[in-house]
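Novice: The structure is given below, and queries will be raised subsequently.
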Amino acid sequence: MHIKVLGSAAGGGFPQWNCNGTMSARVRAGEAGLAPRTQSSLMVSADATHWVLLNASPDLRQQINDTPQLWPAKTAGLRSSPIEAVILTNGDVDHIIGLINLREGQAFKLYASDRVMTTLNANSVFNVLNSDHVERRPLAMDQDIAIEGASGQTGITIHAFDVPGKVALYLEDASKGENFGTQAGDTIGLKITDINTGKAFYYIPGCATVDAPLAKRLQGADLVFFDGTLFTDTEMIDQGLSHKSGKRMGHMSMSGPEGSMAAFEKLDVKRRVYVHINNSNPALDDNSPERTEVTNAGWEVSFDGMEITL
Ligand code: MLT
Ligand code: MN
């Protein structure tokens, strides 16, 4: 199974267009050890020819242009794309807006939880994905689903499951109390399996906590891509960028007793890779003490274009 990180940053990307915070300013200045990153998405394929996108970021057009595997095959007709299907893990802007780049009458299949599909269905701008070409398929939770693409079976199965998280920012309902009206299906994780080889990995770009069911699920996994939004819960507040903590945004941090490095310590996951990394996160700097801490804990920090074969 072939996996490529299209975009390793969280919402806003790195640098973020309107951000003059230390990290964004440094990457904009071209400082060594800091690489620009686009917004959150992976691509996966069983045969390195037919690809499934995991999330569709606002930077998808640039990501396709930077990724020859996603160009129309030279021998193909006038309209063609190796993108067979798209699977969404939540309704966040950084994960759905790239769908708009996939208009122009191209056929593919779109999979999302009922909650996220309801949001897409309620927003008429997504009707640019003509239903004659783009079939919307509800992604049932806790089932193995063989992913069919525009030209047939992809050889990939998806097992989707609910994870602790928060409803998309633009859907928050303050009247609903502490969880802003979050329901099951608002934030999901995926287990992606190559049907032929049986190899599997997990993709969880947003997660508020590793609870007991999630820990059990991930125990012994070969590879997990996990929420790397923040290094510390209050870093956006500390850097003067926002009044929000990671907890308020539905993201657990890398560090600290409640962080992901601690949560994974006993899970025996062979390869742990952070994705969805916010532009405030000091671990984005290859030469930072935070990066050293992350590396020493056995984690990798993903970058755009990172490829893994399982
Ligand atoms: C998130 O991951 O928390 C969201 O993408 C934030 C946002 O909508 O900007
Ligand atoms: Mn996000």
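We name chains A, B, ... following the order of the structure tokens; residues begin at 1 in each chain, and ligands are numbered from 1 as shown.
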Just the residues within 7 Å of stretch 279-295 of chain A, please, counting only C-alpha atoms, with nothing from its chain fewer than 3 positions along; format it as a JSON list (two decimals) with N, CA, C and O atoms, in the first residue's frame.
Specialist:
[["chain", "number", "residue", "atom", "x", "y", "z"],
["A", 13, "GLY", "N", -2.55, 26.32, 7.29],
["A", 13, "GLY", "CA", -1.28, 25.98, 6.65],
["A", 13, "GLY", "C", -0.11, 26.64, 7.35],
["A", 13, "GLY", "O", -0.25, 27.30, 8.38],
["A", 14, "PHE", "N", 1.07, 26.45, 6.77],
["A", 14, "PHE", "CA", 2.30, 26.98, 7.36],
["A", 14, "PHE", "C", 3.17, 27.58, 6.27],
["A", 14, "PHE", "O", 3.66, 26.83, 5.43],
["A", 15, "PRO", "N", 3.35, 28.91, 6.17],
["A", 15, "PRO", "CA", 2.76, 29.90, 7.08],
["A", 15, "PRO", "C", 1.28, 30.11, 6.80],
["A", 15, "PRO", "O", 0.81, 29.81, 5.71],
["A", 16, "GLN", "N", 0.60, 30.66, 7.79],
["A", 16, "GLN", "CA", -0.81, 31.04, 7.60],
["A", 16, "GLN", "C", -0.85, 32.43, 7.01],
["A", 16, "GLN", "O", -0.09, 33.31, 7.42],
["A", 23, "MET", "N", 6.52, 31.51, 14.40],
["A", 23, "MET", "CA", 6.74, 30.36, 13.52],
["A", 23, "MET", "C", 6.43, 30.71, 12.06],
["A", 23, "MET", "O", 7.22, 30.42, 11.16],
["A", 24, "SER", "N", 5.28, 31.35, 11.82],
["A", 24, "SER", "CA", 4.92, 31.72, 10.45],
["A", 24, "SER", "C", 5.93, 32.71, 9.87],
["A", 24, "SER", "O", 6.34, 32.60, 8.71],
["A", 33, "GLY", "N", 15.55, 24.66, 8.49],
["A", 33, "GLY", "CA", 14.89, 23.80, 9.49],
["A", 33, "GLY", "C", 13.38, 23.98, 9.54],
["A", 33, "GLY", "O", 12.69, 23.26, 10.26],
["A", 34, "LEU", "N", 12.87, 24.95, 8.78],
["A", 34, "LEU", "CA", 11.42, 25.18, 8.76],
["A", 34, "LEU", "C", 10.94, 25.05, 7.32],
["A", 34, "LEU", "O", 11.35, 25.81, 6.44],
["A", 230, "LEU", "N", -1.11, 20.78, 18.24],
["A", 230, "LEU", "CA", -0.35, 21.64, 19.15],
["A", 230, "LEU", "C", 0.69, 20.85, 19.92],
["A", 230, "LEU", "O", 0.52, 19.65, 20.16],
["A", 231, "PHE", "N", 1.75, 21.54, 20.33],
["A", 231, "PHE", "CA", 2.71, 20.89, 21.22],
["A", 231, "PHE", "C", 2.23, 21.00, 22.67],
["A", 231, "PHE", "O", 2.21, 20.03, 23.39],
["A", 235, "GLU", "N", -0.48, 26.86, 23.75],
["A", 235, "GLU", "CA", 0.56, 27.56, 22.95],
["A", 235, "GLU", "C", 0.00, 28.71, 22.10],
["A", 235, "GLU", "O", 0.68, 29.71, 21.89],
["A", 236, "MET", "N", -1.22, 28.58, 21.62],
["A", 236, "MET", "CA", -1.77, 29.67, 20.81],
["A", 236, "MET", "C", -2.06, 30.89, 21.68],
["A", 236, "MET", "O", -1.89, 32.03, 21.25],
["A", 298, "GLY", "N", 9.87, 8.70, 19.95],
["A", 298, "GLY", "CA", 9.59, 7.72, 18.89],
["A", 298, "GLY", "C", 8.61, 8.19, 17.84],
["A", 298, "GLY", "O", 8.08, 7.38, 17.08],
["A", 299, "TRP", "N", 8.38, 9.50, 17.79],
["A", 299, "TRP", "CA", 7.44, 10.05, 16.80],
["A", 299, "TRP", "C", 8.16, 10.67, 15.62],
["A", 299, "TRP", "O", 9.28, 11.16, 15.74],
["A", 300, "GLU", "N", 7.48, 10.70, 14.48],
["A", 300, "GLU", "CA", 7.94, 11.44, 13.31],
["A", 300, "GLU", "C", 7.00, 12.62, 13.09],
["A", 300, "GLU", "O", 5.81, 12.52, 13.37]]
Novice: List every residue of chain A that has an atom at most 6 Å from any atom of ligand 2, giving for each one its closest atom pair and the distance in Å to one decimal, counting only C-alpha atoms and all ligand atoms, sorted by chain and then by ascending residue number, as a Markdown table.
Specialist:
| residue | atom | partner | partner_atom_place_in_ligand_line | distance |
| --- | --- | --- | --- | --- |
| A:Ala10 | CA | ligand 2 | 1 (Mn) | 5.0 |
| A:Gly11 | CA | ligand 2 | 1 (Mn) | 4.7 |
| A:Asp92 | CA | ligand 2 | 1 (Mn) | 5.7 |
| A:Asp94 | CA | ligand 2 | 1 (Mn) | 5.3 |
Novice: Residues contacting ligand 1 - anything with an atom at most 8 Å away, using only C-alpha atoms and all ligand atoms - can you give me those as an NGL selection string?
Specialist: :A and (10-12 or 92-95 or 168-170 or 206 or 229 or 249-251 or 276)
Novice: Can you write just those residues out, all heavy atoms, as a compact mmCIF listing (two decimals), in the first residue's frame?
Specialist:
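Here's the written file part.txt:
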# COMPACT_ATOMS: atom_id res chain seq x y z
N ALA A 10 -2.14 21.92 9.82
CA ALA A 10 -3.54 22.06 10.22
C ALA A 10 -4.15 23.25 9.47
O ALA A 10 -3.52 23.83 8.58
CB ALA A 10 -3.61 22.28 11.73
N GLY A 11 -5.38 23.59 9.85
CA GLY A 11 -6.08 24.70 9.21
C GLY A 11 -5.23 25.96 9.19
O GLY A 11 -4.62 26.31 10.20
N GLY A 12 -5.18 26.62 8.03
CA GLY A 12 -4.37 27.83 7.88
C GLY A 12 -3.07 27.56 7.15
O GLY A 12 -2.54 28.40 6.46
N ASP A 92 -14.54 19.94 9.00
CA ASP A 92 -13.75 21.17 9.13
C ASP A 92 -13.39 21.73 7.76
O ASP A 92 -13.15 20.99 6.81
CB ASP A 92 -12.46 20.88 9.91
CG ASP A 92 -12.70 20.75 11.41
OD1 ASP A 92 -13.86 20.88 11.84
OD2 ASP A 92 -11.72 20.50 12.13
N VAL A 93 -13.28 23.05 7.74
CA VAL A 93 -12.94 23.76 6.51
C VAL A 93 -11.66 23.18 5.89
O VAL A 93 -11.59 22.98 4.67
CB VAL A 93 -12.78 25.27 6.83
CG1 VAL A 93 -12.04 26.00 5.72
CG2 VAL A 93 -14.14 25.90 7.07
N ASP A 94 -10.66 22.90 6.71
CA ASP A 94 -9.39 22.40 6.15
C ASP A 94 -9.50 21.00 5.57
O ASP A 94 -8.57 20.53 4.91
CB ASP A 94 -8.24 22.49 7.18
CG ASP A 94 -8.53 21.77 8.48
OD1 ASP A 94 -9.69 21.39 8.73
OD2 ASP A 94 -7.58 21.59 9.28
N HIS A 95 -10.63 20.33 5.78
CA HIS A 95 -10.78 18.97 5.26
C HIS A 95 -11.81 18.82 4.15
O HIS A 95 -11.90 17.77 3.53
CB HIS A 95 -11.13 18.01 6.42
CG HIS A 95 -9.97 17.70 7.29
ND1 HIS A 95 -10.09 17.21 8.57
CD2 HIS A 95 -8.63 17.80 7.06
CE1 HIS A 95 -8.88 17.02 9.09
NE2 HIS A 95 -7.98 17.40 8.20
N ALA A 168 -17.45 20.79 13.84
CA ALA A 168 -16.72 21.84 13.10
C ALA A 168 -17.04 23.22 13.68
O ALA A 168 -18.17 23.49 14.11
CB ALA A 168 -17.08 21.79 11.62
N LEU A 169 -16.02 24.07 13.66
CA LEU A 169 -16.11 25.42 14.25
C LEU A 169 -17.38 26.15 13.81
O LEU A 169 -18.10 26.74 14.62
CB LEU A 169 -14.85 26.20 13.82
CG LEU A 169 -14.68 27.62 14.29
CD1 LEU A 169 -14.63 27.71 15.81
CD2 LEU A 169 -13.40 28.21 13.69
N TYR A 170 -17.68 26.12 12.51
CA TYR A 170 -18.81 26.90 11.98
C TYR A 170 -20.16 26.26 12.31
O TYR A 170 -21.20 26.84 12.01
CB TYR A 170 -18.65 27.08 10.46
CG TYR A 170 -18.60 25.78 9.68
CD1 TYR A 170 -19.76 25.21 9.15
CD2 TYR A 170 -17.39 25.11 9.50
CE1 TYR A 170 -19.71 24.01 8.47
CE2 TYR A 170 -17.35 23.91 8.82
CZ TYR A 170 -18.50 23.37 8.31
OH TYR A 170 -18.46 22.18 7.63
N GLY A 206 -7.72 14.40 13.84
CA GLY A 206 -8.31 15.20 14.91
C GLY A 206 -8.75 14.28 16.03
O GLY A 206 -9.44 13.29 15.78
N THR A 229 -1.74 18.74 16.20
CA THR A 229 -2.07 20.17 16.10
C THR A 229 -1.14 21.04 16.94
O THR A 229 -0.46 21.92 16.43
CB THR A 229 -3.55 20.41 16.49
OG1 THR A 229 -4.38 19.51 15.77
CG2 THR A 229 -3.96 21.84 16.18
N MET A 249 -10.52 23.44 21.23
CA MET A 249 -10.66 23.16 19.79
C MET A 249 -10.87 21.67 19.49
O MET A 249 -11.00 21.29 18.33
CB MET A 249 -9.41 23.65 19.05
CG MET A 249 -9.20 25.15 19.13
SD MET A 249 -7.88 25.74 18.04
CE MET A 249 -6.45 24.90 18.71
N GLY A 250 -10.87 20.85 20.55
CA GLY A 250 -11.06 19.41 20.33
C GLY A 250 -9.80 18.69 19.91
O GLY A 250 -9.86 17.63 19.29
N HIS A 251 -8.64 19.27 20.25
CA HIS A 251 -7.37 18.64 19.90
C HIS A 251 -6.54 18.39 21.15
O HIS A 251 -6.28 19.32 21.92
CB HIS A 251 -6.56 19.54 18.95
CG HIS A 251 -7.20 19.74 17.63
ND1 HIS A 251 -7.32 18.74 16.71
CD2 HIS A 251 -7.77 20.84 17.06
CE1 HIS A 251 -7.93 19.20 15.61
NE2 HIS A 251 -8.22 20.48 15.81
N HIS A 276 -1.57 17.10 10.58
CA HIS A 276 -2.47 18.20 11.03
C HIS A 276 -1.77 19.04 12.10
O HIS A 276 -2.23 19.18 13.22
CB HIS A 276 -3.80 17.61 11.53
CG HIS A 276 -4.87 18.64 11.77
ND1 HIS A 276 -4.94 19.41 12.91
CD2 HIS A 276 -5.91 19.04 11.02
CE1 HIS A 276 -5.98 20.22 12.86
NE2 HIS A 276 -6.59 20.02 11.71
Novice: Output as a PyMOL selection string all residues of stretch 46-91 of chain A that backbone DSSP marks as helix (DSSP H, G or I).
Specialist: chain A and resi 60-65+68-70
Novice: Based on the selection just made, write C-alpha atoms of those residues as an mmCIF file, in the first residue's frame.
Specialist:
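Produced file part.cif, reproduced below:
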data_model
loop_
_atom_site.group_PDB
_atom_site.id
_atom_site.type_symbol
_atom_site.label_atom_id
_atom_site.label_comp_id
_atom_site.auth_asym_id
_atom_site.auth_seq_id
_atom_site.Cartn_x
_atom_site.Cartn_y
_atom_site.Cartn_z
ATOM 1 C CA LEU A 60 -5.777 20.574 -3.045
ATOM 2 C CA ARG A 61 -5.167 22.298 -6.372
ATOM 3 C CA GLN A 62 -1.586 23.093 -5.375
ATOM 4 C CA GLN A 63 -1.150 19.621 -3.903
ATOM 5 C CA ILE A 64 -2.249 17.990 -7.175
ATOM 6 C CA ASN A 65 0.077 20.227 -9.173
ATOM 7 C CA PRO A 68 2.695 13.816 -10.524
ATOM 8 C CA GLN A 69 0.867 10.656 -9.333
ATOM 9 C CA LEU A 70 -2.320 12.759 -9.270
#
Novice: Please determine, counting only C-alpha atoms, which residue among A:Leu171, A:Ile204, A:Leu102, A:Leu218 has the shortest atom-to-atom distance to A:Tyr274.
Specialist: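 Result for the nearest residue to A:Tyr274: A:Ile204.
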Novice: Can you tell me, as number ranges by chain, which residues in stretch 104-291 of chain A count as strand (DSSP E or B) by DSSP?
Specialist: A: 108-112, 134-138, 144-149, 152-162, 187-194, 200-204, 223-227, 271-275, 277
